[in-house]
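One structure below.
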Amino acid sequence: MPARKHAPRPKVAGDSPFGRVALIGIGLIGSSLARVLRRERLARHIAIATRSPQTLAAAKRLKLGHSYTTDPARAAEGADLVVLCTPMSAYAEIARAIAPALSAGAIVSDVGSVKSPVAREVGPALPKGVHLVPGHPVAGTEHSGPKAGFAELFQGRWCILTPDAKANKSAVERVAGLWRRAGSSVVVMNADHHDRVLAITSHLPHLIAYTIVDTAAQLEKDVQGEVIKFSASGFRDFTRIAASDPVMWRDIFLANREAVLDILQRFNEDLTALQRAIRRGDGRMLEETFRRTRAIRKGVIDAKQA
Ligand code: NAP
C-alpha cells in the first residue's frame, strides 16, 4: 500500500527535531516520553491517543500534549513520528488503524519490551515509504497510567533500537537522537538477540517474582501474615516486581515465549543443582555459586545499572 501523499507533515520550527509526534498510549512510558518531548522541546505538536476517555482526560489534566483523541488514526494524521506506547497485544490493530493516516517519510516506533514480533505485526500494515524503527527503553517502574510517568525515567538507562538491516539510516538516527535527549544511551541490535538478552535480564526475574509471591499468597492465612511482617528480609523486593502490570507481563511472556522457555529450562537445571547441593550438604558448591553471583552484582554497580 503506498503512503498517502495528501497529509502534509508540518514544517519543523526552530531546533525541534520533530514537527508532530503522535503518542499512541499514554501510560507510564507514553506519559514519560511526552514529558521528555515537552522538557526538551523535541516536537512542535504532541498528539495523544489512548483507548479510554478516562485516561485521555487524565492526560489532558496533566497537560501532556497539544491535542487529545481516542482515535489513533486522528493522532497519527500528519505526524512525522508515531510511537506506540500500548501493551504489545494492541499493536497489530493500531497499526492497521493508523496506516491510512500515515504520510510518506513518517517514522513509526514503539517502546514494547519484546522486539521480534514488532516487524511481524506492525511492519506489514505500514504503507510503503513509512519507516519502522522499533525501540525498547530499558527503564520502568511497577506503576501504570499517565500520572505514574516522569521525565527522568529514561535518564542513565539504555534504549535498544532494533531496526531491520534495510531500515532507513536517517530515521534510525532521528529516533536514536530522541532517546539520547531523554538521557538514555542508545544501542542498536538485532530483534532476536534483544529478546534473548531480555529473557534472562528482565523476563525470567519477573517470572520468578510472580511465582514466589503467588506461592506465598497461597500459604495458609496465618503464615501469610508472617510473610508480610517479615517481608523486609528479601520477599519485599519480589513483591515490588510482582506488582508490575498484569496485562503488560502477560503480553511479554506470550510474545517472547521461545526465549523465555529456553532460559527457564536452563534456570530449572541450575536450580535443581542447588537443590541437590543443599540436600547433600555440599556447602562448597553453594558458597562458590554465591561468590560468583556476588561478583555479578559488583559488575552491575560498576556499570552504573544498580
Ligand atoms: P500503561 O501504563 O498500562 O499504559 C498503557 C497505555 O496503553 C494506556 O494509555 C492504555 O489506555 C493504552 N492501552 C492499553 N490497552 C490498549 C488497547 N488494547 N488498545 C489501545 N490502547 C491500549 O503501560 P506502560 O507501562 O506505559 O507500558 C506500555 C508499553 O511499554 C508496553 O508495551 C510495555 O511492554 C512497554 N514498556 C513498559 C515498561 C514498564 O516498566 N512499564 C518498561 C519498558 C517498556 P487506557 O488507559 O486508555 O485503556
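Chain labels run A, B, ... following the order of the C-alpha cells; each chain numbers its residues from 1, and ligands are numbered from 1 in the order shown.
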>> Excluding Ala97 of chain A and its own-chain neighbours fewer than 6 positions away, which residues fall within 12 Å of it when counting only C-alpha atoms? Please give them as a ChimeraX atom specification.
In response: /A:24,70-77,90-91,122,125-127
Output N, CA and C atoms for every residue in the selection just made, as a compact mmCIF listing (two decimals), in the first residue's frame.
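Now in again-v2.txt:
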```txt
# COMPACT_ATOMS: atom_id res chain seq x y z
N ILE A 24 0.70 6.95 20.92
CA ILE A 24 -0.49 6.09 20.99
C ILE A 24 -0.35 5.26 22.26
N THR A 70 -9.35 9.70 21.18
CA THR A 70 -9.38 8.24 21.40
C THR A 70 -9.20 7.50 20.08
N ASP A 71 -8.98 8.27 19.00
CA ASP A 71 -8.82 7.66 17.67
C ASP A 71 -7.34 7.73 17.25
N PRO A 72 -6.62 6.60 17.27
CA PRO A 72 -5.18 6.64 16.94
C PRO A 72 -4.90 7.21 15.55
N ALA A 73 -5.81 6.97 14.60
CA ALA A 73 -5.59 7.48 13.24
C ALA A 73 -5.59 9.01 13.22
N ARG A 74 -6.46 9.61 14.04
CA ARG A 74 -6.50 11.08 14.08
C ARG A 74 -5.21 11.64 14.64
N ALA A 75 -4.68 10.96 15.65
CA ALA A 75 -3.42 11.43 16.24
C ALA A 75 -2.28 11.28 15.23
N ALA A 76 -2.31 10.20 14.46
CA ALA A 76 -1.20 9.90 13.53
C ALA A 76 -1.23 10.74 12.27
N GLU A 77 -2.38 11.33 11.98
CA GLU A 77 -2.55 12.12 10.76
C GLU A 77 -1.51 13.27 10.71
N ALA A 90 -1.94 -4.92 21.47
CA ALA A 90 -2.78 -3.98 20.71
C ALA A 90 -2.11 -3.49 19.43
N TYR A 91 -0.84 -3.85 19.23
CA TYR A 91 -0.06 -3.27 18.11
C TYR A 91 -0.67 -3.50 16.73
N VAL A 122 3.56 -5.17 13.02
CA VAL A 122 3.34 -3.77 12.63
C VAL A 122 3.79 -3.56 11.18
N ALA A 125 1.52 -3.83 7.96
CA ALA A 125 0.38 -2.90 7.85
C ALA A 125 0.81 -1.53 7.34
N LEU A 126 2.11 -1.22 7.44
CA LEU A 126 2.55 0.15 7.14
C LEU A 126 2.67 0.39 5.64
N PRO A 127 2.27 1.57 5.20
CA PRO A 127 2.40 1.90 3.78
C PRO A 127 3.87 2.00 3.38
```
>> Within 6 Å of ligand 1 (counting only C-alpha atoms and all ligand atoms), which residues show up? I'd like them as a ChimeraX atom specification.
In response: /A:25-30,50-52,55,85-88,90,111-113,136-141,144-145,248
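The coordinates place atom CA of Ala167 of chain A at 24.6 Å from atom CA of Ile46 of chain A.
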> Running DSSP on the backbone, which parts of segment 50-280 of chain A land in helix (DSSP H, G or I), as a ChimeraX atom specification?
Replying inline: /A:53-61,72-76,88-101,116-121,123-125,146-148,151-154,169-181,191-217,221-229,231-233,235-241,246-255,257-280
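Across the model, the gap from atom CA of Leu81 of chain A to atom CA of Gly19 of chain A is 8.3 Å.
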>> Would you pick out the contacts of segment 200-209 of chain A at 7 Å or less, using only C-alpha atoms, so that residues sharing its chain but fewer than 6 positions from it are not included, and give the list as a ChimeraX atom specification?
In response: /A:238-239,241-242,260,263
> Which of segment 26-275 of chain A counts as strand (DSSP E) under DSSP, as number ranges by chain please?
Replying inline: A: 43-49, 67-69, 81-84, 107-110, 131-133, 135-138, 158-161, 185-188
What would the file look like if the residues just selected were written as an mmCIF file, in the first residue's frame with N, CA and C atoms?
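See out.cif below for the written result:
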```cif
data_model
loop_
_atom_site.group_PDB
_atom_site.id
_atom_site.type_symbol
_atom_site.label_atom_id
_atom_site.label_comp_id
_atom_site.auth_asym_id
_atom_site.auth_seq_id
_atom_site.Cartn_x
_atom_site.Cartn_y
_atom_site.Cartn_z
ATOM 1 N N ALA A 43 9.275 18.473 19.908
ATOM 2 C CA ALA A 43 8.189 18.414 18.924
ATOM 3 C C ALA A 43 7.388 19.704 18.971
ATOM 4 N N ARG A 44 6.918 20.114 17.780
ATOM 5 C CA ARG A 44 6.062 21.305 17.761
ATOM 6 C C ARG A 44 4.664 20.972 18.229
ATOM 7 N N HIS A 45 4.267 19.736 17.972
ATOM 8 C CA HIS A 45 2.922 19.329 18.365
ATOM 9 C C HIS A 45 2.972 17.890 18.884
ATOM 10 N N ILE A 46 2.416 17.672 20.059
ATOM 11 C CA ILE A 46 2.335 16.309 20.603
ATOM 12 C C ILE A 46 0.863 15.890 20.579
ATOM 13 N N ALA A 47 0.568 14.883 19.759
ATOM 14 C CA ALA A 47 -0.809 14.396 19.658
ATOM 15 C C ALA A 47 -0.928 13.125 20.479
ATOM 16 N N ILE A 48 -1.892 13.113 21.374
ATOM 17 C CA ILE A 48 -2.025 11.975 22.282
ATOM 18 C C ILE A 48 -3.284 11.173 21.973
ATOM 19 N N ALA A 49 -3.119 9.872 21.854
ATOM 20 C CA ALA A 49 -4.284 8.993 21.680
ATOM 21 C C ALA A 49 -4.227 7.911 22.741
ATOM 22 N N SER A 67 -2.907 17.950 21.602
ATOM 23 C CA SER A 67 -4.230 17.504 21.171
ATOM 24 C C SER A 67 -4.481 16.097 21.699
ATOM 25 N N TYR A 68 -5.754 15.761 21.868
ATOM 26 C CA TYR A 68 -6.125 14.517 22.548
ATOM 27 C C TYR A 68 -7.261 13.837 21.806
ATOM 28 N N THR A 69 -7.159 12.538 21.643
ATOM 29 C CA THR A 69 -8.207 11.813 20.934
ATOM 30 C C THR A 69 -8.209 10.345 21.362
ATOM 31 N N LEU A 81 6.449 11.434 13.445
ATOM 32 C CA LEU A 81 6.839 10.302 14.299
ATOM 33 C C LEU A 81 5.615 9.815 15.067
ATOM 34 N N VAL A 82 5.370 8.518 14.994
ATOM 35 C CA VAL A 82 4.301 7.898 15.787
ATOM 36 C C VAL A 82 4.977 6.875 16.692
ATOM 37 N N VAL A 83 4.717 6.959 18.001
ATOM 38 C CA VAL A 83 5.316 5.986 18.919
ATOM 39 C C VAL A 83 4.194 5.182 19.588
ATOM 40 N N LEU A 84 4.219 3.875 19.386
ATOM 41 C CA LEU A 84 3.231 3.004 20.029
ATOM 42 C C LEU A 84 3.676 2.764 21.466
ATOM 43 N N ILE A 107 7.860 8.189 10.508
ATOM 44 C CA ILE A 107 8.536 7.103 11.233
ATOM 45 C C ILE A 107 7.547 6.514 12.228
ATOM 46 N N VAL A 108 7.486 5.197 12.290
ATOM 47 C CA VAL A 108 6.695 4.534 13.328
ATOM 48 C C VAL A 108 7.665 3.799 14.239
ATOM 49 N N SER A 109 7.554 4.086 15.529
ATOM 50 C CA SER A 109 8.413 3.416 16.503
ATOM 51 C C SER A 109 7.532 2.863 17.620
ATOM 52 N N ASP A 110 8.135 2.218 18.584
ATOM 53 C CA ASP A 110 7.362 1.700 19.711
ATOM 54 C C ASP A 110 8.287 1.593 20.914
ATOM 55 N N HIS A 131 8.799 4.513 7.679
ATOM 56 C CA HIS A 131 9.946 3.816 8.265
ATOM 57 C C HIS A 131 9.603 3.230 9.635
ATOM 58 N N LEU A 132 9.913 1.958 9.811
ATOM 59 C CA LEU A 132 9.667 1.310 11.105
ATOM 60 C C LEU A 132 10.984 1.213 11.878
ATOM 61 N N VAL A 133 11.003 1.816 13.069
ATOM 62 C CA VAL A 133 12.198 1.767 13.922
ATOM 63 C C VAL A 133 11.769 1.310 15.324
ATOM 64 N N GLY A 135 11.736 0.174 19.151
ATOM 65 C CA GLY A 135 12.617 0.575 20.252
ATOM 66 C C GLY A 135 12.146 0.010 21.580
ATOM 67 N N HIS A 136 13.072 -0.058 22.514
ATOM 68 C CA HIS A 136 12.731 -0.513 23.867
ATOM 69 C C HIS A 136 13.544 0.273 24.883
ATOM 70 N N PRO A 137 12.914 1.244 25.551
ATOM 71 C CA PRO A 137 13.627 1.905 26.637
ATOM 72 C C PRO A 137 13.694 0.942 27.815
ATOM 73 N N VAL A 138 14.905 0.605 28.229
ATOM 74 C CA VAL A 138 15.045 -0.375 29.322
ATOM 75 C C VAL A 138 14.961 0.389 30.638
ATOM 76 N N TRP A 158 19.460 2.413 29.251
ATOM 77 C CA TRP A 158 19.667 2.028 27.864
ATOM 78 C C TRP A 158 18.369 2.150 27.093
ATOM 79 N N CYS A 159 18.484 2.524 25.838
ATOM 80 C CA CYS A 159 17.355 2.348 24.937
ATOM 81 C C CYS A 159 17.867 1.496 23.776
ATOM 82 N N ILE A 160 17.191 0.377 23.531
ATOM 83 C CA ILE A 160 17.634 -0.545 22.481
ATOM 84 C C ILE A 160 16.746 -0.369 21.257
ATOM 85 N N LEU A 161 17.368 -0.098 20.112
ATOM 86 C CA LEU A 161 16.615 0.018 18.852
ATOM 87 C C LEU A 161 16.888 -1.241 18.035
ATOM 88 N N SER A 185 21.353 5.977 26.843
ATOM 89 C CA SER A 185 22.384 5.543 25.899
ATOM 90 C C SER A 185 21.687 4.622 24.914
ATOM 91 N N VAL A 186 21.975 4.823 23.637
ATOM 92 C CA VAL A 186 21.255 4.063 22.613
ATOM 93 C C VAL A 186 22.149 2.978 22.034
ATOM 94 N N VAL A 187 21.586 1.789 21.890
ATOM 95 C CA VAL A 187 22.310 0.713 21.238
ATOM 96 C C VAL A 187 21.367 0.078 20.211
ATOM 97 N N VAL A 188 21.951 -0.270 19.063
ATOM 98 C CA VAL A 188 21.151 -0.900 18.004
ATOM 99 C C VAL A 188 21.510 -2.375 17.967
#
```
Give me the residues within 10 Å of Glu40 of chain A as a PDB file with C-alpha atoms, in the first residue's frame, counting only C-alpha atoms and dropping any in the same chain fewer than 3 places off.
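Dumped everything to out.pdb:
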```pdb
ATOM      1  CA  SER A  16      12.636  20.883  17.195  1.00  0.00           C
ATOM      2  CA  ALA A  34       5.544  13.114  26.499  1.00  0.00           C
ATOM      3  CA  ARG A  35       7.221  14.839  29.439  1.00  0.00           C
ATOM      4  CA  VAL A  36      10.619  14.415  27.780  1.00  0.00           C
ATOM      5  CA  LEU A  37       9.286  15.795  24.476  1.00  0.00           C
ATOM      6  CA  ALA A  43       8.189  18.414  18.924  1.00  0.00           C
ATOM      7  CA  ALA A 151      10.644  12.817  32.540  1.00  0.00           C
ATOM      8  CA  LEU A 178      15.220  11.459  20.695  1.00  0.00           C
ATOM      9  CA  ARG A 181      17.785  13.687  24.616  1.00  0.00           C
ATOM     10  CA  ALA A 182      15.789  11.623  27.110  1.00  0.00           C
TER      11      ALA A 182
END
```
> To one decimal place, how far is atom CA of Ala295 of chain A from atom CA of Ala191 of chain A in Å?
Replying inline: 28.6 Å
> Taking into account only C-alpha atoms, which residue in the set A:Gln54, A:Ser32, A:Ser89, A:Gln155 is nearest to Val247 of chain A?
Replying inline: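 Closest residue, counting only C-alpha atoms: A:Ser89.
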> A:Ala99, A:Lys147, A:Ala106, A:Val227: which is nearest Leu64 of chain A, counting only C-alpha atoms?
Replying inline: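 Answer, going by the shortest atom-to-atom distance: A:Lys147.
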